[in-house]
Each structure stands twice: as C-alpha cells, then as structure tokens.
Amino acid sequence: MTEEEFDAFYATAFPRLTGQLFAFTGDHGEAQDVVQEAFVRAWDRRREFLADGAPEAWIRTVAMRLAVSRWRRARRWLELMRRDPPPEHAPGPEPERAVLVDALRRLPEAQRMAVVLHHLCDLSVEQVASETGAPVGTVKARLSRGRAALARELAPGEGEKEHGRVR
Amino acid sequence: MSDELTRRLRELAEEAEAPPRLPGAGIRAAAGRRRHRRRTTAFLAGGCVAATLAAVLTVHVTGEGTGHGAEQRSSPLAPPGPDRSADRDVPYVTVDLSRQVLAAEGRELPVSLGTTGTPTPTGLMTVTGKETVRLVSGGREASDATRSVRLRWVLELAPLDRTDLAPGEKPKPGTGAYIASALTDEEVAPRDRDTTAGWITLRPTDAAWLYEQLPEGAVVEIVARSTPATPAAPTTPKATPKTAQVTPTTTP
C-alpha cells in the first residue's frame with residue numbers, strides 16, 4: 001500500500017469507523033482516539049494489515065480492543081479515585097439517540113460488542129465469533145441477552161418477546 | 001426489534017461520524033516517530049546489556065589473565081562481537097539536524113548541513129565506504145556548482161532499510177549521505193546557517209577522529225529537524241563524488 005493509497009483509505013474509512021466506535025464506546029472523543037490510534041498502528045504494520053484482506057475490519061478490531069483496554073484501565077482508575085461518570089468530549093446526541101447510547105452503555109462489554117458488530121457492522125454470528133474469539137453459541141447468547149436488555153430499555157414490554165431469538 | 005435495532009444503530013453511527021483530526025501524513029509521521037522511539041529504546045537497552053557484559057568480561061579477564069599486555073584493540077565504535085548482522089540497526093553515531101551536532105562516544109561535534117534546496121538526507125544509514133581523500137564535483141557548498149574540490153576523511157553512507165533489502169543484501173553505495181571534513185582553512189558554519197550541498201561536514205580534527213572511529217558497517221542515524229515533515233526515504237545529496245577521479249587514498 002503506497003502512502004497515497006493509505007491516505008485515501010484513511011480519509012474514507014475514518015468517519016465510518018468513528019461512527020461505529022461511537023456506538024460501541026458512547027463517547028465521541030474516545031471513538032476518534034481509538035480509531036486514530038488504530039490507523040497509526042496499521043501504517044506501522046502494513047504487511048499484517050494488508051495480509052488480513054479486510055483492512056477496515058482490521059482497523060475496527062484494533063480500535064475496539066483499544067477501547068476495551070482503555071475502559072478497563074479507566075474503570076480501575078475511577079474505582080480508586082472518583083465516582084463521577086467520565087466527561088463528554090463532544091455535545092451529546094439527540095434525546096432519542098441519548099436513550100440508545102445510554103442503553104448501550106449499560107450493556108456488558110461483550111454483549112455490546114456482539115450487538116454492534118452484528119447489527120451495525122453487518123457481521124454474521126460466525127464472523128462475530130471469529131473476531132471476538134468466542135464460541136458461536138456464546139455469541140448467540142450474548143446477542144440474545146443484549147437485544148433483550150436493549151428492548152427493555154428502548155421499548156418496555158417487548159423484552160420478553162425477543163428473548164432467545166437470534167437472527 | 002432486530003431490524004429496528006439495526007436501523008437505530010446505523011442512524012446513531014452516521015450521526016456520530018467525524019472527519020479525521022489529522023491528515024494521513026500526520027498518521028504516518030506519528031507511526032514513524034513511534035518506530036524511532038522503539039529503536040532508540042532498544043538501542044539504549046542493548047547498550048546497557050553490552051556495558052554490563054563488558055564489565056563482567058573485564059572483571060573476568062583481569063581476574064584470570066593477569067600479565068597479558070597484548071590487548072587487541074578494536075575500533076571503539078565498532079559493533080561488539082563477531083556477528084554484526086544482528087545489531088546492524090543499532091546507531092553508533094547520531095547526527096541531530098535540529099541541534100546541528102554529531103554525537104559519538106560521548107562527544108558532541110558541531111556540523112554544517114545541507115541548505116533548504118539541498119537538504120541533508122535523514123534516516124538510519126550505514127557506512128559503506130571510507131576514503132581519506134576524495135575529489136568531488138560540485139563541492140559540498142551549495143554555491144560550488146562548477147568547482148571540484150579535494151575532500152578529506154570522507155565517509156560514504158547508504159540508507160539502512162530492512163524492508164528494501166533481501167536477506168544478506170548490502171545497501172547500495174552512493175544512495176545516502178556523506179560525512180567529510182570541512183576545508184582545512186574553514187570552520188564549521190554557524191549553527192543558524194546551513195551551507196552544504198547535502199553533506200555533513202565537520203571540523204578537520206573532528207572529521208579525522210570520526211574517520212578513525214567508524215568502521216564500514218557502523219550505523220549512523222541522521223535525525224530530521226522536528227518542524228518540517230520527515231522525508232519518507234533518504235535522498236541523495238546533489239554533490240556527487242567523481243569516483244573515477246578519486247586521488248590516491250593516502251593517509252596524511
């Protein structure tokens with residue numbers, strides 16, 4: 001990949017990936033940080049990044065792992081130092097979106113990743129399993145529980161109906 | 001709920017899309033800086049290990065081999081050990097273009113560098129040739145377009161880029177930078193004024209000292225100035241040595 005090709009790919013994929021990572025992290029600044037960091041690593045590991053055959057998926061995977069790693073560090077720090085939620089780096093979403101962001105944030109990390117990869121990034125259950133290193137059955141369970149939890153938050157009363165159904 | 005969830009997630013993601021905060025070149029530069037830091041850390045760590053080993057060996061030798069006067073001296077800046085291939089990326093000399101100094105063996109020597117039009121190449125290089133005297137067309141000064149000059153203590157450097165080299169392949173000569181003595185009747189240019197056609201020139205006494213210290217295969221790192229963007233690959237200085245007219249290499 002030449003410098004020009006990398007720059008073009010970066011300019012095209014960065015906004016899309018930032019949107020996807022926002023759904024995962026619920027924080028604009030965090031999403032931009034991890035996607036940018038993933039691109040820095042991608043340029044340094046061009047061979048690995050291109051050998052994968054799906055450069056955008058490679059970036060997304062790295063960015064998601066970075067986000068998870070940051071959360072874990074931040075959570076330990078917050079547990080020690082303070083009880084307040086982390087500040088927003090950018091203006092929050094519209095009220096309707098805010099409900100979704102809030103509901104996503106409340107999902108356990110593994111369920112949120114499965115939901116975002118499957119429903120937003122269009123990965124099949126098998127692909128999500130491959131990307132997260134979890135068995136297919138576990139991914140199905142995470143998706144089911146994640147959807148049920150979101151349904152309870154977003155449309156109270158529908159959560160039970162969704163439970164156990166995996167697309 | 002599945003389709004509805006997908007729709008709402010996509011709307012959320014589209015709304016949150018943001019343009020890059022840095023241009024692509026900035027990302028590549030950040031990756032380059034990080035690679036450089038890793039190499040420097042590895043170099044320092046390797047230096048500590050080498051120093052420890054040297055100390056241990058010295059103690060060992062003096063403890064067992066008393067009376068040995070015939071200590072075989074090697075070049076102080078030569079890579080330690082018989083196998084140089086493993087540590088050939090370890091810089092033994094660093095030229096800092098920002099500070100206009102060449103650092104070697106704890107010494108910092110002032111240097112003159114290339115002008116804006118004929119910048120000094122940067123990057124990790126290796127010494128591929130040494131000549132005590134060399135006739136050069138164009139000179140080392142940007143203004144020396146037609147003049148031919150005799151240079152002393154010339155070290156020829158070639159870029160050391162493992163990604164371009166096959167295993168065992170040596171870097172091509174003449175594709176990197178040159179270090180040489182300033183003319184005998186001149187001093188190194190003031191720090192705020194670059195004068196050469198891409199060459200790195202030292203005071204004659206410093207150049208002679210460095211020439212003795214650096215063996216072929218030694219690594220020289222030329223660190224770019226921090227303000228302009230770092231060139232992706234080393235560039236060749238405009239003053240090309242006339243290899244056909246090289247004067248006999250006699251040590252003065």
# chains A, B, ... in the order shown; residues from 1 in each chain; ligands from 1
call {"tool": "interface_residues", "arguments": {"of": "chain B", "to": "chain A", "cutoff": "8 Å", "atoms": "only C-alpha atoms", "output": "ChimeraX atom specification"}}
result
/B:1-2,5-6,9-10,12-20,23-25,27-28,30-32,35
call {"tool": "residues_around", "arguments": {"residues": "stretch 134-136 of chain A", "least_positions_apart": "4", "cutoff": "12 Å", "atoms": "only C-alpha atoms", "output": "JSON list (two decimals) with N, CA and C atoms, in the first residue's frame"}}
result
[["chain", "number", "residue", "atom", "x", "y", "z"],
["A", 110, "ALA", "N", -19.08, -7.41, 26.49],
["A", 110, "ALA", "CA", -19.12, -8.48, 25.48],
["A", 110, "ALA", "C", -20.42, -8.43, 24.70],
["A", 111, "GLN", "N", -21.52, -8.16, 25.39],
["A", 111, "GLN", "CA", -22.83, -8.09, 24.70],
["A", 111, "GLN", "C", -22.86, -6.89, 23.76],
["A", 113, "MET", "N", -20.35, -5.42, 22.29],
["A", 113, "MET", "CA", -19.50, -5.65, 21.12],
["A", 113, "MET", "C", -20.22, -6.56, 20.12],
["A", 114, "ALA", "N", -20.87, -7.58, 20.64],
["A", 114, "ALA", "CA", -21.59, -8.50, 19.75],
["A", 114, "ALA", "C", -22.72, -7.78, 19.03],
["A", 124, "SER", "N", -21.75, -11.61, 10.37],
["A", 124, "SER", "CA", -22.58, -12.76, 10.73],
["A", 124, "SER", "C", -22.20, -13.23, 12.14],
["A", 125, "VAL", "N", -23.02, -14.10, 12.68],
["A", 125, "VAL", "CA", -22.73, -14.62, 14.03],
["A", 125, "VAL", "C", -21.37, -15.30, 14.03],
["A", 126, "GLU", "N", -21.09, -16.05, 12.95],
["A", 126, "GLU", "CA", -19.81, -16.76, 12.86],
["A", 126, "GLU", "C", -18.64, -15.77, 12.80],
["A", 127, "GLN", "N", -18.83, -14.69, 12.05],
["A", 127, "GLN", "CA", -17.76, -13.67, 11.95],
["A", 127, "GLN", "C", -17.55, -12.98, 13.30],
["A", 128, "VAL", "N", -18.64, -12.72, 13.99],
["A", 128, "VAL", "CA", -18.50, -12.10, 15.32],
["A", 128, "VAL", "C", -17.73, -13.05, 16.24],
["A", 129, "ALA", "N", -18.07, -14.33, 16.13],
["A", 129, "ALA", "CA", -17.38, -15.33, 16.96],
["A", 129, "ALA", "C", -15.89, -15.33, 16.65],
["A", 130, "SER", "N", -15.57, -15.27, 15.36],
["A", 130, "SER", "CA", -14.17, -15.28, 14.95],
["A", 130, "SER", "C", -13.45, -14.02, 15.44],
["A", 140, "LYS", "N", -24.28, -16.12, 20.19],
["A", 140, "LYS", "CA", -25.75, -16.10, 20.05],
["A", 140, "LYS", "C", -26.40, -15.72, 21.38],
["A", 141, "ALA", "N", -25.86, -16.25, 22.44],
["A", 141, "ALA", "CA", -26.41, -15.93, 23.77],
["A", 141, "ALA", "C", -26.21, -14.45, 24.10],
["A", 142, "ARG", "N", -25.01, -13.95, 23.76],
["A", 142, "ARG", "CA", -24.74, -12.52, 24.04],
["A", 142, "ARG", "C", -25.68, -11.63, 23.24],
["A", 143, "LEU", "N", -25.87, -11.99, 21.97],
["A", 143, "LEU", "CA", -26.77, -11.18, 21.13],
["A", 143, "LEU", "C", -28.18, -11.22, 21.69],
["A", 166, "VAL", "N", -32.40, -15.35, 17.75],
["A", 166, "VAL", "CA", -31.20, -14.79, 17.14],
["A", 166, "VAL", "C", -31.36, -14.80, 15.64]]
call {"tool": "atom_distance", "arguments": {"atom1": "atom CA of B:Leu135", "atom2": "atom CA of B:Val154"}}
result
10.1 Å
call {"tool": "atom_distance", "arguments": {"atom1": "atom CA of A:Leu123", "atom2": "atom CA of B:Asp3"}}
result
14.3 Å
call {"tool": "atom_distance", "arguments": {"atom1": "atom CA of A:Arg152", "atom2": "atom CA of A:Gly133"}}
result
27.7 Å
